[in-house]
$ cat work-v8.cif   # mmCIF, C-alpha atoms
data_model
loop_
_atom_site.label_atom_id
_atom_site.label_comp_id
_atom_site.auth_asym_id
_atom_site.auth_seq_id
_atom_site.Cartn_x
_atom_site.Cartn_y
_atom_site.Cartn_z
CA MET A 17 0.72 -7.18 -26.82
CA GLY A 18 2.14 -9.68 -29.29
CA GLY A 19 0.34 -12.34 -31.28
CA ARG A 20 -2.91 -13.94 -30.25
CA TRP A 21 -2.14 -17.62 -29.61
CA VAL A 22 -5.11 -19.84 -28.88
CA PRO A 23 -4.63 -23.46 -27.68
CA ARG A 24 -6.91 -25.79 -29.62
CA THR A 25 -7.08 -29.02 -27.59
CA TRP A 26 -8.07 -29.31 -23.93
CA ILE A 27 -4.65 -30.77 -23.04
CA LYS A 28 -2.90 -27.77 -24.56
CA LYS A 29 -5.41 -25.44 -22.96
CA THR A 30 -4.97 -26.97 -19.50
CA THR A 31 -1.19 -27.04 -19.81
CA ALA A 32 -1.09 -23.44 -21.03
CA TRP A 33 -3.39 -22.33 -18.21
CA PHE A 34 -1.26 -24.13 -15.60
CA VAL A 35 1.99 -22.69 -16.97
CA MET A 36 0.49 -19.20 -16.97
CA PHE A 37 -0.76 -19.58 -13.41
CA VAL A 38 2.70 -20.71 -12.26
CA LEU A 39 4.30 -17.78 -14.10
CA ALA A 40 1.83 -15.37 -12.51
CA ALA A 41 2.52 -16.84 -9.06
CA ILE A 42 6.30 -16.50 -9.60
CA GLY A 43 5.79 -12.93 -10.77
CA TRP A 44 3.66 -12.01 -7.75
CA THR A 45 6.14 -13.68 -5.39
CA ILE A 46 8.88 -11.42 -6.76
CA PHE A 47 6.50 -8.46 -6.54
CA ARG A 48 5.56 -9.18 -2.91
CA ALA A 49 9.10 -9.89 -1.70
CA PRO A 50 10.30 -7.22 0.76
CA GLY A 51 13.10 -6.47 -1.71
CA MET A 52 15.30 -8.10 -4.33
CA ASP A 53 18.06 -8.59 -1.75
CA TRP A 54 15.63 -10.60 0.44
CA LEU A 55 14.54 -12.77 -2.48
CA VAL A 56 18.08 -13.40 -3.71
CA ARG A 57 19.21 -14.22 -0.16
CA VAL A 58 16.30 -16.62 0.37
CA LEU A 59 16.64 -18.39 -2.97
CA LEU A 60 20.40 -18.55 -3.29
CA SER A 61 21.45 -19.22 0.26
CA GLY A 62 22.79 -22.76 0.60
CA GLY A 63 20.63 -23.28 3.66
CA MET A 64 17.29 -23.11 1.89
CA GLN A 65 15.24 -26.18 2.74
CA LEU A 66 12.67 -27.63 0.35
CA GLY A 67 10.40 -27.90 3.36
CA PHE A 68 8.28 -30.89 2.31
CA GLU A 69 8.46 -32.29 5.85
CA GLY A 70 7.70 -31.52 9.48
CA ASP A 71 6.57 -28.06 10.58
CA SER A 72 7.34 -26.47 7.25
CA LEU A 73 5.03 -28.89 5.42
CA ALA A 74 2.29 -28.31 8.01
CA VAL A 75 2.57 -24.51 7.79
CA GLY A 76 2.55 -24.57 3.98
CA LEU A 77 -0.47 -26.86 3.86
CA VAL A 78 -2.38 -24.73 6.37
CA VAL A 79 -1.70 -21.59 4.32
CA LEU A 80 -2.75 -23.30 1.07
CA SER A 81 -5.88 -24.75 2.70
CA PHE A 82 -7.02 -21.40 4.12
CA THR A 83 -6.25 -19.74 0.79
CA LEU A 84 -8.51 -22.27 -0.91
CA ILE A 85 -11.28 -21.85 1.67
CA TYR A 86 -11.22 -18.04 1.52
CA SER A 87 -11.10 -18.20 -2.30
CA LEU A 88 -14.37 -20.11 -2.52
CA PRO A 89 -16.43 -16.93 -3.10
CA LEU A 90 -14.20 -16.20 -6.13
CA PHE A 91 -14.96 -19.62 -7.60
CA ILE A 92 -18.66 -19.15 -6.87
CA MET A 93 -18.66 -15.74 -8.60
CA LEU A 94 -16.89 -17.26 -11.60
CA PHE A 95 -19.40 -20.10 -11.70
CA ILE A 96 -22.57 -18.00 -11.51
CA ASN A 97 -21.30 -15.42 -14.00
CA ARG A 98 -20.14 -17.98 -16.56
CA VAL A 99 -22.30 -21.06 -16.12
CA VAL A 100 -25.64 -19.68 -14.93
CA PRO A 101 -25.61 -15.99 -15.89
CA ASP A 102 -29.38 -15.92 -16.49
CA ARG A 103 -30.67 -17.82 -13.46
CA LYS A 104 -31.64 -14.94 -11.24
CA TRP A 105 -32.61 -17.11 -8.27
CA VAL A 106 -29.08 -18.58 -8.11
CA HIS A 107 -27.63 -15.06 -8.10
CA SER A 108 -30.06 -14.04 -5.36
CA VAL A 109 -29.09 -16.99 -3.16
CA VAL A 110 -25.39 -16.24 -3.66
CA HIS A 111 -25.92 -12.53 -2.94
CA ALA A 112 -27.77 -13.37 0.26
CA ALA A 113 -24.88 -15.61 1.33
CA PHE A 114 -22.42 -12.82 0.52
CA VAL A 115 -24.38 -10.35 2.63
CA ILE A 116 -24.12 -12.75 5.57
CA LEU A 117 -20.38 -13.11 4.95
CA LEU A 118 -20.01 -9.34 4.95
CA ILE A 119 -21.93 -8.97 8.20
CA VAL A 120 -19.52 -11.46 9.74
CA PHE A 121 -16.34 -10.00 8.28
CA PHE A 122 -17.00 -6.25 7.96
CA GLN A 123 -14.63 -4.18 10.06
CA ASP A 124 -13.63 -0.56 9.71
CA SER A 125 -10.56 -0.36 7.41
CA ARG A 126 -8.75 -3.51 8.49
CA GLN A 127 -6.17 -3.45 5.73
CA ASP A 128 -5.34 -0.76 3.27
CA PHE A 129 -5.85 -1.54 -0.39
CA ILE A 130 -3.01 -3.49 -1.91
CA TYR A 131 -1.94 -0.62 -4.12
CA PHE A 132 -1.23 1.59 -1.12
CA GLN A 133 0.79 -1.04 0.69
CA PHE A 134 3.78 -0.75 -1.65
CA MET B 26 -10.22 7.49 3.03
CA SER B 27 -10.66 3.84 2.18
CA PHE B 28 -13.80 2.42 0.56
CA THR B 29 -13.95 -0.03 3.46
CA SER B 30 -14.04 2.63 6.18
CA TYR B 31 -17.15 3.92 7.93
CA ALA B 32 -15.92 7.43 7.13
CA TYR B 33 -16.14 6.71 3.41
CA LEU B 34 -19.60 5.13 3.65
CA LEU B 35 -20.83 8.22 5.50
CA PHE B 36 -19.13 10.51 2.97
CA PHE B 37 -20.65 8.63 0.03
CA ALA B 38 -24.13 8.60 1.57
CA GLY B 39 -23.98 12.40 1.94
CA VAL B 40 -22.70 12.96 -1.59
CA PHE B 41 -25.23 10.51 -3.04
CA ALA B 42 -28.20 12.18 -1.32
CA CYS B 43 -27.19 15.75 -2.28
CA TYR B 44 -26.23 14.69 -5.82
CA TRP B 45 -29.63 13.25 -6.71
CA ILE B 46 -31.57 16.05 -5.01
CA ILE B 47 -29.83 18.49 -7.36
CA ARG B 48 -31.38 18.49 -10.84
CA LYS B 49 -28.92 20.67 -12.74
CA ARG B 50 -26.05 18.84 -14.39
CA PHE B 51 -23.54 21.65 -13.88
CA VAL B 52 -24.26 21.85 -10.13
CA GLN B 53 -24.09 18.04 -9.89
CA ASN B 54 -20.64 18.20 -11.50
CA VAL B 55 -19.49 20.97 -9.16
CA LEU B 56 -20.64 18.88 -6.20
CA LEU B 57 -18.82 15.80 -7.50
CA LEU B 58 -15.68 17.84 -8.11
CA ALA B 59 -15.80 19.31 -4.59
CA ALA B 60 -16.37 15.81 -3.18
CA SER B 61 -13.45 14.47 -5.22
CA TYR B 62 -11.13 17.17 -3.89
CA PHE B 63 -12.33 16.50 -0.35
CA PHE B 64 -11.66 12.78 -0.87
CA PHE B 65 -8.20 13.51 -2.30
CA GLY B 66 -7.22 15.94 0.45
CA PHE B 67 -8.86 14.07 3.32
CA VAL B 68 -5.59 13.20 5.04
CA HIS B 69 -3.37 16.03 3.77
CA PRO B 70 -5.44 18.98 2.48
CA TRP B 71 -2.45 20.56 0.77
CA PHE B 72 -2.49 17.67 -1.74
CA CYS B 73 -5.47 19.48 -3.28
CA LEU B 74 -3.11 22.23 -4.46
CA LEU B 75 -1.11 19.60 -6.32
CA LEU B 76 -4.22 18.22 -8.01
CA ALA B 77 -5.46 21.73 -8.82
CA ALA B 78 -2.08 22.65 -10.35
CA SER B 79 -2.20 19.52 -12.50
CA ASN B 80 -5.80 20.23 -13.56
CA ILE B 81 -5.09 23.84 -14.48
CA THR B 82 -1.84 23.06 -16.34
CA ASP B 83 -3.39 20.30 -18.43
CA TYR B 84 -6.59 22.25 -19.08
CA PHE B 85 -4.68 25.20 -20.55
CA CYS B 86 -2.13 23.01 -22.36
CA ALA B 87 -4.94 21.11 -24.10
CA LEU B 88 -6.58 24.38 -25.15
CA GLY B 89 -3.18 25.69 -26.26
CA ILE B 90 -2.62 22.64 -28.47
CA ARG B 91 -5.85 23.37 -30.33
CA ARG B 92 -5.52 27.17 -30.52
CA HIS B 93 -1.82 27.62 -31.28
CA GLU B 94 -0.94 25.20 -34.09
CA GLY B 95 2.71 26.25 -34.15
CA PHE B 96 3.24 25.46 -30.46
CA ARG B 97 1.42 22.13 -30.21
CA LYS B 98 4.56 20.20 -29.27
CA VAL B 99 5.55 22.88 -26.75
CA PHE B 100 2.23 22.57 -24.92
CA LEU B 101 2.39 18.77 -25.05
CA THR B 102 5.92 18.82 -23.63
CA ILE B 103 4.96 21.23 -20.85
CA SER B 104 1.99 19.09 -19.86
CA ALA B 105 3.72 15.70 -20.01
CA GLY B 106 6.89 17.11 -18.43
CA ALA B 107 5.01 18.71 -15.52
CA ASN B 108 2.98 15.56 -14.86
CA LEU B 109 5.96 13.24 -15.03
CA ALA B 110 8.12 15.59 -12.93
CA VAL B 111 5.55 15.65 -10.12
CA LEU B 112 5.03 11.88 -10.32
CA GLY B 113 8.79 11.32 -10.48
CA PHE B 114 9.45 13.49 -7.45
CA PHE B 115 6.77 12.06 -5.20
CA LYS B 116 7.07 8.44 -6.18
CA TYR B 117 10.61 7.87 -7.42
CA PHE B 118 12.89 10.47 -5.86
CA ASN B 119 14.20 8.21 -3.10
CA PHE B 120 14.50 5.21 -5.45
CA PHE B 121 16.57 7.07 -8.04
CA SER B 122 18.59 8.88 -5.38
CA GLU B 123 19.51 5.61 -3.68
CA ASN B 124 20.37 3.87 -6.98
CA PHE B 125 22.41 6.86 -8.17
CA ARG B 126 24.41 6.68 -4.95
CA HIS B 127 24.97 2.92 -5.48
CA ALA B 128 25.99 3.43 -9.11
CA ALA B 129 28.43 6.20 -8.12
CA GLY B 130 29.85 3.90 -5.45
CA LEU B 131 30.56 1.24 -8.10
CA ILE B 132 32.86 3.63 -9.99
CA GLY B 133 34.54 4.73 -6.79
CA ILE B 134 32.64 7.94 -6.04
CA GLN B 135 31.27 8.00 -2.51
CA LEU B 136 28.15 10.15 -2.11
CA ASP B 137 26.05 10.83 0.98
CA ALA B 138 22.57 9.33 0.99
CA VAL B 139 19.92 11.91 0.06
CA THR B 140 16.48 10.61 0.86
CA LEU B 141 13.39 12.66 1.65
CA ASN B 142 10.50 11.75 3.88
CA ILE B 143 7.93 12.13 1.08
CA ILE B 144 4.26 11.33 1.61
CA LEU B 145 2.81 9.92 -1.60
CA PRO B 146 -0.47 11.61 -2.58
CA VAL B 147 -3.22 9.04 -2.93
CA GLY B 148 -3.85 7.97 -6.53
CA ILE B 149 -1.15 10.21 -8.07
CA SER B 150 -0.16 7.46 -10.54
CA PHE B 151 -3.75 7.06 -11.67
CA TYR B 152 -4.81 10.67 -12.13
CA THR B 153 -1.46 11.52 -13.76
CA PHE B 154 -2.06 8.85 -16.41
CA LYS B 155 -5.60 10.12 -17.01
CA SER B 156 -4.33 13.67 -17.42
CA ILE B 157 -1.54 12.65 -19.79
CA SER B 158 -3.88 10.57 -21.95
CA TYR B 159 -6.29 13.51 -22.24
CA VAL B 160 -3.61 15.92 -23.46
CA VAL B 161 -2.06 13.34 -25.81
CA ASP B 162 -5.48 12.51 -27.27
CA VAL B 163 -6.11 16.22 -27.88
CA PHE B 164 -2.67 16.44 -29.51
CA ARG B 165 -3.48 13.46 -31.74
CA GLY B 166 -6.83 14.99 -32.67
CA LYS B 167 -8.83 12.13 -31.18
CA ILE B 168 -10.84 14.36 -28.84
CA GLU B 169 -11.71 18.04 -28.61
CA PRO B 170 -10.25 19.99 -25.68
CA ARG B 171 -12.96 20.88 -23.17
CA ARG B 172 -13.75 24.54 -22.47
CA ASN B 173 -15.51 23.75 -19.22
CA ILE B 174 -12.77 23.33 -16.61
CA VAL B 175 -15.19 21.75 -14.11
CA ASP B 176 -15.98 18.91 -16.54
CA PHE B 177 -12.31 18.35 -17.31
CA ALA B 178 -11.22 18.50 -13.65
CA LEU B 179 -14.00 16.09 -12.71
CA TYR B 180 -12.81 13.67 -15.39
CA VAL B 181 -9.34 13.66 -13.83
CA ALA B 182 -10.38 13.70 -10.16
CA PHE B 183 -13.63 11.66 -10.16
CA PHE B 184 -13.40 10.16 -6.66
CA PRO B 185 -14.64 6.57 -7.20
CA GLU B 186 -11.69 5.93 -9.51
CA LEU B 187 -9.24 8.49 -8.14
CA ALA B 188 -7.36 6.29 -5.72
CA ALA B 189 -6.81 3.06 -7.66
CA GLY B 190 -8.46 3.27 -11.05
CA PRO B 191 -9.79 2.16 -13.44
CA ILE B 192 -7.91 4.57 -15.70
CA ASP B 193 -10.83 5.63 -17.86
CA ARG B 194 -10.11 7.45 -21.11
CA ALA B 195 -11.46 10.95 -21.70
CA ARG B 196 -13.40 9.77 -24.76
CA ASP B 197 -15.34 7.34 -22.55
CA LEU B 198 -15.86 9.31 -19.34
CA LEU B 199 -16.12 12.95 -20.48
CA PRO B 200 -19.27 12.39 -22.60
CA GLN B 201 -20.92 10.85 -19.52
CA ILE B 202 -19.89 13.86 -17.41
CA GLU B 203 -21.33 16.20 -20.03
CA LYS B 204 -24.75 14.61 -20.33
CA GLU B 205 -27.84 14.99 -18.13
CA ARG B 206 -28.23 12.33 -15.43
CA ARG B 207 -31.45 11.33 -13.72
CA TRP B 208 -31.87 8.73 -11.01
CA LYS B 209 -33.20 5.35 -12.15
CA TRP B 210 -33.57 2.24 -10.04
CA ASP B 211 -31.65 0.35 -12.74
CA MET B 212 -28.57 2.14 -11.45
CA PHE B 213 -29.02 0.56 -8.05
CA PHE B 214 -29.68 -2.90 -9.49
CA SER B 215 -26.55 -2.78 -11.63
CA ALA B 216 -24.43 -1.30 -8.82
CA TRP B 217 -25.50 -3.75 -6.13
CA PRO B 218 -23.78 -6.93 -7.47
CA LEU B 219 -20.58 -4.99 -8.14
CA LEU B 220 -20.49 -3.47 -4.64
CA LEU B 221 -21.27 -6.81 -3.04
CA SER B 222 -18.61 -8.71 -4.99
CA GLY B 223 -16.10 -5.90 -4.36
CA TYR B 224 -16.60 -5.89 -0.60
CA VAL B 225 -16.54 -9.70 -0.41
CA LYS B 226 -13.34 -9.85 -2.46
CA LYS B 227 -11.66 -7.26 -0.28
CA MET B 228 -12.95 -7.98 3.22
CA VAL B 229 -13.55 -11.71 3.13
CA ILE B 230 -10.92 -12.98 0.70
CA ALA B 231 -8.02 -10.51 0.46
CA ASP B 232 -7.87 -9.29 4.06
CA ASN B 233 -7.98 -12.79 5.53
CA ILE B 234 -5.39 -14.24 3.18
CA ALA B 235 -3.19 -11.17 3.83
CA VAL B 236 -2.73 -12.28 7.45
CA TYR B 237 -0.82 -15.40 6.29
CA VAL B 238 0.97 -13.69 3.42
CA ASN B 239 2.28 -10.87 5.61
CA LYS B 240 3.70 -13.33 8.13
CA ILE B 241 5.41 -15.47 5.47
CA PHE B 242 7.10 -12.52 3.79
CA LEU B 243 8.43 -11.34 7.15
CA LEU B 244 10.31 -14.61 7.71
CA GLU B 245 14.08 -14.40 7.58
CA GLN B 246 14.63 -17.76 5.88
CA PRO B 247 11.39 -19.45 4.73
CA SER B 248 11.62 -22.94 3.24
CA PHE B 249 10.82 -23.40 -0.45
CA PHE B 250 7.39 -24.88 0.34
CA ILE B 251 6.44 -22.03 2.67
CA LEU B 252 7.57 -19.47 0.10
CA LEU B 253 5.55 -21.35 -2.53
CA SER B 254 2.43 -21.34 -0.36
CA GLY B 255 2.93 -17.63 0.40
CA GLY B 256 3.36 -16.92 -3.32
CA VAL B 257 0.17 -18.77 -4.24
CA ALA B 258 -1.72 -17.07 -1.41
CA PHE B 259 -0.50 -13.64 -2.52
CA THR B 260 -1.49 -14.47 -6.11
CA VAL B 261 -5.08 -14.87 -4.89
CA GLN B 262 -4.88 -11.93 -2.47
CA ILE B 263 -3.73 -9.38 -5.05
CA LEU B 264 -6.44 -10.38 -7.51
CA ALA B 265 -9.17 -10.26 -4.87
CA ASP B 266 -7.91 -6.96 -3.47
CA PHE B 267 -7.31 -5.09 -6.71
CA SER B 268 -10.32 -6.40 -8.63
CA GLY B 269 -12.42 -5.91 -5.49
CA TYR B 270 -11.43 -2.24 -5.44
CA THR B 271 -12.35 -1.90 -9.12
CA ASP B 272 -15.71 -3.58 -8.55
CA MET B 273 -16.47 -1.12 -5.76
CA ALA B 274 -15.33 1.84 -7.87
CA ARG B 275 -17.58 0.71 -10.71
CA GLY B 276 -20.44 0.13 -8.29
CA PHE B 277 -20.13 3.61 -6.73
CA GLY B 278 -19.80 5.03 -10.26
CA LYS B 279 -23.04 3.34 -11.29
CA LEU B 280 -24.87 4.76 -8.25
CA LEU B 281 -23.85 8.20 -9.53
CA GLY B 282 -24.92 7.37 -13.09
CA PHE B 283 -21.53 6.57 -14.61
CA ASP B 284 -20.29 3.44 -16.40
CA LEU B 285 -16.63 2.97 -15.52
CA ALA B 286 -14.39 0.65 -17.52
CA GLU B 287 -13.95 -3.02 -16.69
CA ASN B 288 -10.46 -3.65 -15.34
CA PHE B 289 -10.24 -7.41 -14.73
CA ARG B 290 -11.61 -10.28 -16.79
CA SER B 291 -10.72 -13.54 -14.98
CA PRO B 292 -6.96 -12.99 -15.46
CA TYR B 293 -5.93 -16.34 -13.98
CA LEU B 294 -7.78 -18.14 -16.76
CA ALA B 295 -5.25 -16.69 -19.23
CA VAL B 296 -3.42 -19.16 -21.48
CA SER B 297 -0.55 -16.92 -22.63
CA PRO B 298 1.27 -13.80 -21.41
CA SER B 299 -0.48 -11.60 -23.98
CA ASP B 300 -3.81 -13.12 -22.95
CA PHE B 301 -2.97 -12.32 -19.32
CA TRP B 302 -2.33 -8.64 -20.10
CA ARG B 303 -5.65 -8.47 -21.93
CA ARG B 304 -7.36 -9.61 -18.72
CA TRP B 305 -5.31 -8.03 -15.89
CA HIS B 306 -5.63 -4.32 -15.06
CA ILE B 307 -6.99 -3.78 -18.56
CA THR B 308 -7.20 0.02 -18.48
CA PHE B 309 -3.55 0.24 -17.42
CA SER B 310 -2.38 -2.33 -20.02
CA THR B 311 -4.20 -0.55 -22.82
CA TRP B 312 -2.83 2.81 -21.61
CA ILE B 313 0.72 1.45 -21.74
CA ARG B 314 0.00 -0.08 -25.16
CA ASP B 315 -1.40 3.14 -26.65
CA TYR B 316 0.93 5.72 -25.09
CA VAL B 317 4.25 3.80 -24.71
CA TYR B 318 4.39 0.51 -26.65
CA ILE B 319 2.90 1.64 -29.97
CA PRO B 320 4.70 5.05 -30.07
CA LEU B 321 7.99 3.19 -29.49
CA GLY B 322 7.31 1.08 -32.60
CA GLY B 323 5.44 -1.85 -31.04
CA SER B 324 5.59 -5.07 -33.05
CA ARG B 325 6.29 -3.10 -36.26
CA VAL B 326 10.00 -2.59 -35.50
CA ASP B 327 12.30 -4.20 -38.08
CA THR B 328 14.64 -6.29 -35.92
CA ARG B 329 14.15 -8.73 -33.07
CA LEU B 330 16.65 -6.78 -30.98
CA LYS B 331 14.61 -3.58 -31.29
CA PHE B 332 11.43 -5.50 -30.50
CA ALA B 333 13.07 -6.94 -27.38
CA ALA B 334 14.22 -3.43 -26.39
CA VAL B 335 10.68 -2.06 -26.86
CA LEU B 336 9.28 -4.88 -24.72
CA VAL B 337 11.89 -4.37 -21.98
CA VAL B 338 11.23 -0.62 -21.85
CA THR B 339 7.45 -1.08 -21.88
CA LEU B 340 7.33 -3.79 -19.24
CA GLY B 341 10.05 -2.07 -17.17
CA LEU B 342 8.04 1.17 -17.09
CA SER B 343 4.95 -0.84 -16.31
CA GLY B 344 6.72 -2.47 -13.34
CA LEU B 345 8.13 0.86 -12.15
CA TRP B 346 4.65 2.38 -12.23
CA HIS B 347 3.51 -0.24 -9.71
CA GLY B 348 6.21 0.63 -7.19
CA ALA B 349 9.62 2.23 -6.81
CA ASP B 350 11.85 -0.79 -6.28
CA TRP B 351 13.76 -3.29 -8.38
CA ASN B 352 11.47 -6.22 -7.63
CA PHE B 353 8.57 -4.36 -9.30
CA ILE B 354 10.70 -3.83 -12.41
CA VAL B 355 11.87 -7.47 -12.47
#
$ encode --input "work-v8.cif" --output "structure tokens"
Amino acid sequence: MGGRWVPRTWIKKTTAWFVMFVLAAIGWTIFRAPGMDWLVRVLLSGGMQLGFEGDSLAVGLVVLSFTLIYSLPLFIMLFINRVVPDRKWVHSVVHAAFVILLIVFFQDSRQDFIYFQF
Amino acid sequence: MSFTSYAYLLFFAGVFACYWIIRKRFVQNVLLLAASYFFFGFVHPWFCLLLAASNITDYFCALGIRRHEGFRKVFLTISAGANLAVLGFFKYFNFFSENFRHAAGLIGIQLDAVTLNIILPVGISFYTFKSISYVVDVFRGKIEPRRNIVDFALYVAFFPELAAGPIDRARDLLPQIEKERRWKWDMFFSAWPLLLSGYVKKMVIADNIAVYVNKIFLLEQPSFFILLSGGVAFTVQILADFSGYTDMARGFGKLLGFDLAENFRSPYLAVSPSDFWRRWHITFSTWIRDYVYIPLGGSRVDTRLKFAAVLVVTLGLSGLWHGADWNFIV
């Protein structure tokens, strides 16, 4: 929807990508909040700490680190599909690694699909 | 029945084996339709009546649009009205009831809370949109109404995409349903990477990140940094979960000889909001564009105020479709 804006330099491209990612993260935070009243209470209450210290910093960093670790397969998929789409042996190696991951992680219906959780 | 359950894998294996043993297209379609109804009514069999009612209504309305020129709008209204009424009741009754009570309270009228314990039929938002698009496309003359009710019902209820999309258009999926299908090993080789990436996205990425996200959003008063980390984690989780589901749906579709639409194209590489909507849940975005945004005037409206109103309505409806609460709309 709307016009098709394309950033021309890498600085503009990187900035635009970062801004869009932040906007998406804000949007999904609102989406995931248990309710608007929860979000408003959390954001507007005078007691909200920034949390860049102590336990809060540790918890946040642990969550971000595990998110990054678990996201690695996404980055790998992006890489093989965009950078080496024709190198079949790379795809085969990655697929073999994914099969091993699935053997380790497969459990019967651990979590419902996201769409059914809301 | 979730794609990640043993029950589903067993169900699919049975359908897959019977489907390719059968050589006749019509019988294959009947089998797929029966399997789709079984999938839909697995938890609550009476849901099948709801799906059947929707299928029959839209089938006859589409035929009516073509056969009775003077009543085209009547048939379109019946079809869209019935679909939206069912969707509205099951998905939004409690939301609107609660907000109506709040609004009445603001002007001094105290009403008792009327909420119902409604069980939402799986995939109702998805198959309703497919049904509506079919009837609207027949109304617009873009496709011919189908005489074969099995083909039409299978288009609406096709089980790989019944629960969470993609929302394929009739012009793309119906021709595939209507043509002969024979097993080729190519189908397996194109399905395999999709199934693998789908299961990894769901079971390795999304489900593990969900453990942290769920805990953070249960906190009474998280700090800004914890909320930020939870928000970033959920941003990854929802992509992995939703696009994982689509990958699996497309993979299962390919094993049955169908090419289902692509729904996600690296959305977090987007560089503008419009770019994002061209990459995220593509079949839904294009549905909203074609059946809500453009009919409301789109970018061709003459004032900025009208354009803003069109955008607010379009994005508001889009948010409401995802869930019945204000945070979805915001």
$ resolve_selection --input "work-v8.cif" --expression "the PyMOL selection byres ((chain B and resi 254-268) around 6)" --output "PyMOL selection string"
(chain A and resi 41+44-45+76+80+83) or (chain B and resi 226-227+231+238+251-253+269-271)
$ closest_atom_pairs --input "work-v8.cif" --of "chain B" --to "chain A" --cutoff "7 Å" --atoms "only C-alpha atoms" --output "CSV"
residue,atom,partner,partner_atom,distance
B:Ser27,CA,A:Ser125,CA,6.7
B:Thr29,CA,A:Ser125,CA,5.2
B:Ser30,CA,A:Ser125,CA,4.8
B:Tyr31,CA,A:Asp124,CA,6.0
B:Val225,CA,A:Leu118,CA,6.4
B:Met228,CA,A:Phe121,CA,6.4
B:Val229,CA,A:Phe121,CA,6.1
B:Ile230,CA,A:Tyr86,CA,5.1
B:Asp232,CA,A:Gln127,CA,6.3
B:Ile234,CA,A:Thr83,CA,6.1
B:Tyr237,CA,A:Val79,CA,6.6
B:Phe242,CA,A:Ala49,CA,6.4
B:Gln246,CA,A:Val58,CA,5.9
B:Ser248,CA,A:Gln65,CA,4.9
B:Phe249,CA,A:Leu66,CA,4.7
B:Phe250,CA,A:Gly67,CA,5.2
B:Ile251,CA,A:Gly76,CA,4.8
B:Ser254,CA,A:Gly76,CA,5.4
B:Gly256,CA,A:Thr45,CA,4.7
B:Val257,CA,A:Ala41,CA,5.7
B:Ala258,CA,A:Thr83,CA,5.7
B:Phe259,CA,A:Trp44,CA,6.9
B:Thr260,CA,A:Ala41,CA,5.5
B:Ile263,CA,A:Ile130,CA,6.7
B:Asp266,CA,A:Ile130,CA,6.2
B:Phe267,CA,A:Ile130,CA,6.6
B:Tyr293,CA,A:Phe37,CA,6.1
B:Leu294,CA,A:Trp33,CA,6.2
B:Ala295,CA,A:Trp33,CA,6.0
B:Val296,CA,A:Trp33,CA,4.6
B:Ser297,CA,A:Met36,CA,6.2
B:Ser299,CA,A:Met17,CA,5.4
B:Ser324,CA,A:Gly18,CA,6.9
B:Gly348,CA,A:Phe134,CA,6.2
B:Trp351,CA,A:Met52,CA,6.5
B:Asn352,CA,A:Met52,CA,5.4
B:Phe353,CA,A:Phe47,CA,5.4
$ write_last_selection --input "work-v8.cif" --atoms "C-alpha atoms" --output "mmCIF file, in the frame of the given file"
data_model
loop_
_atom_site.group_PDB
_atom_site.id
_atom_site.type_symbol
_atom_site.label_atom_id
_atom_site.label_comp_id
_atom_site.auth_asym_id
_atom_site.auth_seq_id
_atom_site.Cartn_x
_atom_site.Cartn_y
_atom_site.Cartn_z
ATOM 1 C CA SER B 27 -10.660 3.840 2.180
ATOM 2 C CA THR B 29 -13.950 -0.030 3.460
ATOM 3 C CA SER B 30 -14.040 2.630 6.180
ATOM 4 C CA TYR B 31 -17.150 3.920 7.930
ATOM 5 C CA VAL B 225 -16.540 -9.700 -0.410
ATOM 6 C CA MET B 228 -12.950 -7.980 3.220
ATOM 7 C CA VAL B 229 -13.550 -11.710 3.130
ATOM 8 C CA ILE B 230 -10.920 -12.980 0.700
ATOM 9 C CA ASP B 232 -7.870 -9.290 4.060
ATOM 10 C CA ILE B 234 -5.390 -14.240 3.180
ATOM 11 C CA TYR B 237 -0.820 -15.400 6.290
ATOM 12 C CA PHE B 242 7.100 -12.520 3.790
ATOM 13 C CA GLN B 246 14.630 -17.760 5.880
ATOM 14 C CA SER B 248 11.620 -22.940 3.240
ATOM 15 C CA PHE B 249 10.820 -23.400 -0.450
ATOM 16 C CA PHE B 250 7.390 -24.880 0.340
ATOM 17 C CA ILE B 251 6.440 -22.030 2.670
ATOM 18 C CA SER B 254 2.430 -21.340 -0.360
ATOM 19 C CA GLY B 256 3.360 -16.920 -3.320
ATOM 20 C CA VAL B 257 0.170 -18.770 -4.240
ATOM 21 C CA ALA B 258 -1.720 -17.070 -1.410
ATOM 22 C CA PHE B 259 -0.500 -13.640 -2.520
ATOM 23 C CA THR B 260 -1.490 -14.470 -6.110
ATOM 24 C CA ILE B 263 -3.730 -9.380 -5.050
ATOM 25 C CA ASP B 266 -7.910 -6.960 -3.470
ATOM 26 C CA PHE B 267 -7.310 -5.090 -6.710
ATOM 27 C CA TYR B 293 -5.930 -16.340 -13.980
ATOM 28 C CA LEU B 294 -7.780 -18.140 -16.760
ATOM 29 C CA ALA B 295 -5.250 -16.690 -19.230
ATOM 30 C CA VAL B 296 -3.420 -19.160 -21.480
ATOM 31 C CA SER B 297 -0.550 -16.920 -22.630
ATOM 32 C CA SER B 299 -0.480 -11.600 -23.980
ATOM 33 C CA SER B 324 5.590 -5.070 -33.050
ATOM 34 C CA GLY B 348 6.210 0.630 -7.190
ATOM 35 C CA TRP B 351 13.760 -3.290 -8.380
ATOM 36 C CA ASN B 352 11.470 -6.220 -7.630
ATOM 37 C CA PHE B 353 8.570 -4.360 -9.300
#
$ residues_around --input "work-v8.cif" --residues "B:Val338" --least-positions-apart "4" --cutoff "12 Å" --atoms "all atoms listed in the file" --output "list in words"
Ile313, Arg314, Val317, Tyr318, Ile319, Pro320, Leu321, Gly322, Gly323, Lys331, Phe332, Ala333, Ala334, Leu342, Ser343, Gly344, Leu345, Ile354 and Val355 of chain B
